[in-house]
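Here's the structure we're looking at; comments come further down.
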Amino acid sequence: MLSTPRPLVIVVLLALLAYAVALPFFGGVFALKFASRIMIIGIFVISLDLLIGITGMVSFGHALYFGLGAYSLYFISSESAAANGFFAIPFAILLAGVVALVVGSVAVLTKGFYFIMVTLAFGQMGFSVFFDTKIAGGTDGAYINVRPIFSLGSQQLLTFSNRTAFFYFCVAALVLSYLFALWLVRTPFGRVLQGIHHNEARMSALGFNTYAYKLAIYVIAGAMAGFAGSLFAAIDGFVAPELLGWRESGLAIMMVVLGGAGTIYGPLLGAIVYSIVEETLKSSTELTAIFSLFTGTANAKWLGGIVANSWSMALGFFLIAAVLAAPKGIAGFIGKFAGETKRGKPRDVEASADGRERAKAMQLEVENLSRAFGGLVAVNGVTVTFPPNKVHGIIGPNGAGKTTFINVLSGALRPTKGNVRLEREEIGGQKPHNVARRGLGRSYQRTNVIMPFTARENCALAAQAQFPSPLRFSSSWRRDEEDAAVENALKAAGIAPERADMMASSLSHGEQRQLEIAMLIASGARLLLLDEPLAGMGPEETDRVTALLRELSADHTIVLIEHDMDAIFAAADTLTVLVEGRLLAHGTPEEIRNNAAVREAYLGEWGQEAAS
Amino acid sequence: MDLALIQLLNGVQYGLLIFLAASGLTLVFGIMGVINLSHGSFYMLGAYGALTLVGFTGDIFLALLIGVPLAFVFGIAIEWLFIRHLYDRDHLQQVLLTFALILIFNEAQKLIWGSYPHSVPVPGYLQGGVRISELLTYPYYRIAVAAFCVALALAMMFVIQKTRVGRIIRAGESNREMVEALGIDSRLLFRFVFAAGAALAATAGIVAAPLESVYPGIGEPVLIISFVVVVIGGIGSIKGAFLGALLIGVADALGKVYFPAFSSSVVYALMAAVLIARPGGLFGRTA
Amino acid sequence: MHNKSRVSRRRVLQMAGVGAVAAAFPFARPAISQGAPLRVGLLLPYSGTFAALGTGITNAMDLYVKQQGGKLAGRTIEWIKVDDESAPPKATELTSKLVQGEKVDVLIGTVHSGVAMAMAKIAREAGLPTLIPNAGANVLTRAQCAKNIFRTSFGNSQPGVAAGLAMIKAGIKTAVTYSWGYAAGEESVAGFKQSFLAGGGKIIKELTLPFPNVEFQAGLAEIASLKPEAVYSFYAGGGALKYMQDYAAAGLKNSVQLWGPGFLTDGVESKVGAAGDGVKTASHYVESLDNAENKKFRADYNAAFKMFPDVYAVQGWDTTMLLDIGLKAAGGDVKKQDAMFKAMREAKFNSPRGPFRLSAAQNPIHNFYLRELKGGENKFLGIAAADVSDPTTGCSLA
């Protein structure tokens, strides 16, 4: 999970800030403009990193909002007078944000590569509006004749026409944007975004409406890009349709990747490095100076001329070298020198002895449930009731439809026919996060925790899911309750305190399975659907988890699929046998053991064990 | 002939050409999972290669005979040098690296062939055309190109559905690890698929050269439209690419007539609509 | 041996210092004093679709200065080139680099009109002598004119106006326009409309294609169905080459005359083959112009660059000529702007294109010639329109 930047990084950033603050004293007009531009693009790529690096949404149309922000300055400025900065900037942010909401509501329905293409499409359509029509000057661009002035009444506070004032405004804007992004990522809202990045299905199953979260960050990122765009237009007072095009979007992605996605400061460094490298490669004078370090002046000049002439090829090679040598970008490269990441220290919270609410366990009723995939009927007319406070096992030969059955119960699949009722309320066909909110939690056949998070952080996310509204920006709200829930869950699931702060990916397989159960407990689920929770465990771990499940049934309902016959016969209160999608039998382990049809279905598989 | 019908014809022929260009991309992306932005560069190199080869041999089909194997070998070289380092990396790094390749290829093109536009002659025996209205003639070469594209599409579908190589390709698309477990070296498979993708793109460039003029930057529009085709048709599906390309070609042609101001957006709007309605594309796996 | 190593170490440190400064401060430039070379900034495309134009213009300017012994008005010329990639978003930054970073004395640019618009804004604010050797955006010498901005190429509408007049003279009554739908195309068609309609012609339909799309089939099919006597089209470069070939392949060549501004054929005459025969264009330059300046220019250019100059090279040549006139009047001192600009504004000289002078809005007033492409060459058919100016609508100088 995103932690505080390493000390080395902080030093680098502060050094850059110091350089920026001092620049107007020794740099000329071009220096200020060049630096202003880099900082503004820095804001733009930081906003993109919120999408790409934090949430895992790669947008190929982010420049749409950048360009809209720029053009909004054109729209709000009159021919001969300055717009009021207090209106102009918020207008840009608002315009970009609104368009992001409209576009995002549709675009966020898609994922992965398709999201890349849909955002590209909308970006190009936006470009076309400004390029193919005369809405704002058409193909040749448009002028903003007088740059904005911030005035209150008749008092002029700040004018963008003053280059130094504008420069410092950009510095402040960049610092604020960076701090804003850093803060946002650490809020409960931001934590969920990171969870979505690594495992969206899991987050949805915990009860988070991932669509709402993704849309929210898309709008925030768009609005921020619009802010950057309005400043960009104010540098020289010229806007062109290409600002919205895929080349600008692509360039921004380059900078994010070059710098190291997901670190917030990485893309900023990426923007700086990319701009300076491109600038240097195009300038034969500077190249000559650099080459003179290695060879004579005449050679240096010749070499400098050649590289400057084919600067884009040199840039290409530079980028390839960067990708191959530094897979995690500049930020990753710095990371190699800076040592281990500092994880946040866990707060000291006592797990309350009787902390767990005596939650009311839930009853699950299934009536005539069927699920077909085209011609294949995976679940065929199953009717069964799972009373509360019991451990219910589902068994059956491979391919009997057990996992499909659980998928329908948890909302991952829609039923083709029939009903599913949780505490008498129909949940069949509902989305996974809604089902989860009602109190039904599930685990997966293959371990599905959020690997880059620690065990504690995984549980924290799960605990947060009890109040899954996207608008959670305050870390302190409900913090004590959630921390207590986390401690209880970890304790109940048997995860040792010293293991709780290790990354989930470093835990043993058995511990990861326990973590899954811990997450379900922390999320407050009262009916747990577990898909082969004992898979791959040795005898000791099996006993431990089985005991845990029996303990949990005191205030939860447990429904689990298992193949480990000894364990499930010992642990379960009832057994349900599915064969070829149909319910073959349902009853106590004794009844099932003596059921002739069941024995026949398994034909000797465990018949011998029963006999012994 | 009715103007609308003629426009339909134009759209279909354009669509077939786009299919040829996009088919390689859908294979590379579908089987290897690699986003290759330099796909358009292979098209461009094919076109410029045609310029040189037709200069030598005087005939576009001879140029094809020589050029396609050359492109295949070139594809192997690029895969071996750069692409194979990317298989375990995420999409973003593939984007960055293949974008860098575009820069390099563009500059190389400028250094080798210069910045002036050139034309590649249509072979003598395909000059002229069939008169389809009082003033309008439909060039024989365009008909030949359309036929060539259809033939190639059928050949590809045959290879994919009926041959052993095709079976391996289809398997590799769903499950790389399984394919390896079956004893097939996925590295070689990928090398082959990438080279095939490059060769297909180059073939499109060569065949289209007499229809286009050859000048810097002709690869980029091809790249974008290829991705659109792949998305609409479904990643990895040749059938999808075929139908998607036809759909785009016709939409583009009709868009030019009925919405001239927004015709450049028609294709994008179409893609967005398909994605919202059918997230996996027409024939792709649903996400 | 001992000395050498000590020197080289010191030199390395010196160079390291210079290198570090140069690399870490890409924008710190020492100011250049008088008596030093005249720094001329070139903002031109050296990559991408328009690279050939950038090269042509630069070659001609280089040739002119070399012929003057490397000096104009006694000042050695130092060229500072920046590749604008024909990309408007970068244009302000690149112009700033030249004007405020490199602190050039004179700015010359550019080809793409969007880039020119960006460049002009900064140039206008900075006030330095600025010459435009190609970009034809009308507004630059209309509403957005400035006393320090001079154009030596053409205004986008001028070729269209000339073509319209020539078509009327040739007895053509009905036409369709088919062109790229961006500013340059629209302004060209607007010029054509103006003179063609004024002469009693009728425009059946105006077709456009989004720039830089080159799928012409749909438009050509529509033209065939509309059956005009002639078509006026604005395309350039690779797109123009494809257009003429597609036009011929569609069978329209012999039934519907194809007319356009010079750019339709410039640079691609030798590539288009028989498909281009009969295409008529109106341009301010023809290769076969029979005047002394043109003959000499073509011979000299060919000797220096092993190829013949095109209209872009001519424009580059005229740019340097105009600059020379201005510098001479100012005695080589660009700070004497009044003298320099006055001389440039009132300049009249013989260019390879014929007589050249500027309007009050500082746009060329020149002849437009009717040309017909045959056998890979633009054949000179006569003057399409003499002394074509451009309206100075909205220009404060006029």
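Just so we're on the same page: first chain in the structure tokens is A, next is B, and so on; residues restart at 1 for each chain, and ligands are numbered from 1 in the order they show up.
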Exercise for the section: Identify every residue of chain A that has at least one atom within 6 Å of any atom of chain C, counting only C-alpha atoms, and report the result as a PyMOL selection string. Expected result: chain A and resi 29-31+139-140+243+286+289-290+293
Please save C-alpha atoms of the selected residues as an mmCIF file, in the first residue's frame.
```
data_model
loop_
_atom_site.group_PDB
_atom_site.id
_atom_site.type_symbol
_atom_site.label_atom_id
_atom_site.label_comp_id
_atom_site.auth_asym_id
_atom_site.auth_seq_id
_atom_site.Cartn_x
_atom_site.Cartn_y
_atom_site.Cartn_z
ATOM 1 C CA VAL A 29 11.839 34.685 -19.497
ATOM 2 C CA PHE A 30 12.291 31.409 -21.332
ATOM 3 C CA ALA A 31 13.479 29.649 -18.199
ATOM 4 C CA THR A 139 -7.933 23.975 -36.719
ATOM 5 C CA ASP A 140 -5.584 26.912 -36.384
ATOM 6 C CA LEU A 243 -4.219 19.675 -26.860
ATOM 7 C CA GLU A 286 23.835 21.429 -25.596
ATOM 8 C CA ALA A 289 28.682 20.632 -24.712
ATOM 9 C CA ILE A 290 27.909 17.190 -23.329
ATOM 10 C CA LEU A 293 33.253 15.860 -22.045
#
```
Define the interface residues of chain A facing chain B as those within 9 Å, counting only C-alpha atoms, and report them as a PDB file with C-alpha atoms, in the first residue's frame.
```pdb
ATOM      1  CA  VAL A  58      -5.239   3.312 -17.947  1.00  0.00           C
ATOM      2  CA  VAL A 106     -20.184   5.274 -19.718  1.00  0.00           C
ATOM      3  CA  ALA A 107     -16.462   4.632 -19.955  1.00  0.00           C
ATOM      4  CA  LEU A 109     -18.367   0.368 -17.395  1.00  0.00           C
ATOM      5  CA  THR A 110     -15.403  -1.104 -19.277  1.00  0.00           C
ATOM      6  CA  LYS A 111     -12.151  -2.461 -17.927  1.00  0.00           C
ATOM      7  CA  GLY A 112      -8.558  -3.016 -18.895  1.00  0.00           C
ATOM      8  CA  PHE A 113      -7.686  -2.784 -22.549  1.00  0.00           C
ATOM      9  CA  TYR A 114     -11.250  -1.897 -23.458  1.00  0.00           C
ATOM     10  CA  PHE A 115     -11.174   1.019 -21.067  1.00  0.00           C
ATOM     11  CA  MET A 117      -9.840   2.138 -26.168  1.00  0.00           C
ATOM     12  CA  VAL A 118     -13.083   3.720 -24.957  1.00  0.00           C
ATOM     13  CA  THR A 119     -11.215   6.621 -23.386  1.00  0.00           C
ATOM     14  CA  LEU A 120      -9.268   6.988 -26.624  1.00  0.00           C
ATOM     15  CA  ALA A 121     -12.533   7.120 -28.522  1.00  0.00           C
ATOM     16  CA  PHE A 122     -14.014   9.822 -26.325  1.00  0.00           C
ATOM     17  CA  GLN A 124     -10.810  11.720 -30.224  1.00  0.00           C
ATOM     18  CA  MET A 125     -14.451  12.697 -30.385  1.00  0.00           C
ATOM     19  CA  GLY A 126     -13.690  15.661 -28.132  1.00  0.00           C
ATOM     20  CA  SER A 128     -13.028  16.384 -33.356  1.00  0.00           C
ATOM     21  CA  VAL A 129     -15.451  18.883 -31.825  1.00  0.00           C
ATOM     22  CA  ASP A 132     -13.719  19.914 -37.248  1.00  0.00           C
ATOM     23  CA  THR A 133     -16.049  22.678 -36.134  1.00  0.00           C
ATOM     24  CA  ILE A 253       1.144   8.050 -20.212  1.00  0.00           C
ATOM     25  CA  MET A 254       4.792   7.937 -21.256  1.00  0.00           C
ATOM     26  CA  VAL A 257       5.389   5.085 -16.874  1.00  0.00           C
ATOM     27  CA  LEU A 258       8.839   6.601 -17.217  1.00  0.00           C
ATOM     28  CA  SER A 310      17.705  12.609 -35.576  1.00  0.00           C
ATOM     29  CA  TRP A 311      16.602  13.571 -32.104  1.00  0.00           C
ATOM     30  CA  SER A 312      13.456  11.459 -32.169  1.00  0.00           C
ATOM     31  CA  MET A 313      15.496   8.317 -32.791  1.00  0.00           C
ATOM     32  CA  ALA A 314      17.783   9.216 -29.903  1.00  0.00           C
ATOM     33  CA  LEU A 315      14.702   9.765 -27.751  1.00  0.00           C
ATOM     34  CA  GLY A 316      13.378   6.379 -28.789  1.00  0.00           C
ATOM     35  CA  PHE A 317      16.573   4.633 -27.722  1.00  0.00           C
ATOM     36  CA  PHE A 318      16.580   6.522 -24.474  1.00  0.00           C
ATOM     37  CA  LEU A 319      13.043   5.368 -23.705  1.00  0.00           C
ATOM     38  CA  ILE A 320      13.857   1.757 -24.550  1.00  0.00           C
ATOM     39  CA  ALA A 321      16.868   1.861 -22.286  1.00  0.00           C
ATOM     40  CA  ALA A 322      14.748   3.359 -19.551  1.00  0.00           C
ATOM     41  CA  VAL A 323      12.064   0.692 -19.838  1.00  0.00           C
ATOM     42  CA  LEU A 324      14.492  -2.211 -19.879  1.00  0.00           C
ATOM     43  CA  PRO A 327      10.997  -1.516 -14.934  1.00  0.00           C
TER      44      PRO A 327
END
```
Handout entry: All strand (DSSP E) residues (DSSP, backbone) inside stretch 331-385 of chain C, as a count of residues only
Key = 29
Exercise for the section: Residues of chain C no more than 10 Å from chain B, counting only C-alpha atoms: send them over as a ChimeraX atom specification. Expected result: /C:46-53,55,181,207-227,237-243,245-256,267-268,270-273
Handout entry: Who sits within 6 Å of stretch 314-328 of chain C, only C-alpha atoms, same chain under 3 positions skipped, as a ChimeraX atom specification
Key = /C:57,60-61,72-73,133,152-153,311,331-332,340,343-344
Selection above as a file: N, CA and C atoms, as a PDB file, in the first residue's frame:
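Output (selection_4.pdb):
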```pdb
ATOM      1  N   ILE C  57      12.859  25.434 -47.825  1.00  0.00           N
ATOM      2  CA  ILE C  57      12.955  26.840 -47.426  1.00  0.00           C
ATOM      3  C   ILE C  57      14.350  27.139 -46.871  1.00  0.00           C
ATOM      4  N   ALA C  60      17.163  27.322 -49.538  1.00  0.00           N
ATOM      5  CA  ALA C  60      17.186  28.547 -50.332  1.00  0.00           C
ATOM      6  C   ALA C  60      17.767  29.709 -49.528  1.00  0.00           C
ATOM      7  N   MET C  61      17.382  29.755 -48.253  1.00  0.00           N
ATOM      8  CA  MET C  61      17.897  30.851 -47.428  1.00  0.00           C
ATOM      9  C   MET C  61      19.409  30.742 -47.261  1.00  0.00           C
ATOM     10  N   LEU C  72      24.788  39.457 -44.355  1.00  0.00           N
ATOM     11  CA  LEU C  72      23.758  40.344 -44.851  1.00  0.00           C
ATOM     12  C   LEU C  72      23.983  41.691 -44.186  1.00  0.00           C
ATOM     13  N   ALA C  73      24.099  42.727 -44.998  1.00  0.00           N
ATOM     14  CA  ALA C  73      24.329  44.079 -44.481  1.00  0.00           C
ATOM     15  C   ALA C  73      25.504  44.077 -43.517  1.00  0.00           C
ATOM     16  N   PRO C 133       7.652  32.409 -44.062  1.00  0.00           N
ATOM     17  CA  PRO C 133       8.000  31.946 -45.407  1.00  0.00           C
ATOM     18  C   PRO C 133       7.012  30.952 -45.984  1.00  0.00           C
ATOM     19  N   THR C 152       6.079  36.408 -46.766  1.00  0.00           N
ATOM     20  CA  THR C 152       6.668  36.426 -48.104  1.00  0.00           C
ATOM     21  C   THR C 152       6.139  35.296 -48.965  1.00  0.00           C
ATOM     22  N   SER C 153       5.108  34.612 -48.504  1.00  0.00           N
ATOM     23  CA  SER C 153       4.654  33.449 -49.265  1.00  0.00           C
ATOM     24  C   SER C 153       3.379  33.783 -50.039  1.00  0.00           C
ATOM     25  N   VAL C 311       8.310  25.850 -55.102  1.00  0.00           N
ATOM     26  CA  VAL C 311       7.758  27.138 -54.688  1.00  0.00           C
ATOM     27  C   VAL C 311       8.185  27.474 -53.256  1.00  0.00           C
ATOM     28  N   GLY C 331      21.225  49.541 -41.542  1.00  0.00           N
ATOM     29  CA  GLY C 331      22.667  49.502 -41.329  1.00  0.00           C
ATOM     30  C   GLY C 331      23.117  48.277 -40.551  1.00  0.00           C
ATOM     31  N   GLY C 332      22.366  47.213 -40.658  1.00  0.00           N
ATOM     32  CA  GLY C 332      22.773  45.998 -39.962  1.00  0.00           C
ATOM     33  C   GLY C 332      22.348  45.959 -38.499  1.00  0.00           C
ATOM     34  N   MET C 340      14.086  49.743 -40.511  1.00  0.00           N
ATOM     35  CA  MET C 340      14.071  48.390 -41.076  1.00  0.00           C
ATOM     36  C   MET C 340      12.678  48.041 -41.595  1.00  0.00           C
ATOM     37  N   ALA C 343      11.560  50.023 -44.713  1.00  0.00           N
ATOM     38  CA  ALA C 343      12.174  49.548 -45.947  1.00  0.00           C
ATOM     39  C   ALA C 343      11.529  48.246 -46.411  1.00  0.00           C
ATOM     40  N   MET C 344      11.236  47.367 -45.473  1.00  0.00           N
ATOM     41  CA  MET C 344      10.645  46.084 -45.840  1.00  0.00           C
ATOM     42  C   MET C 344       9.231  46.283 -46.364  1.00  0.00           C
TER      43      MET C 344
END
```
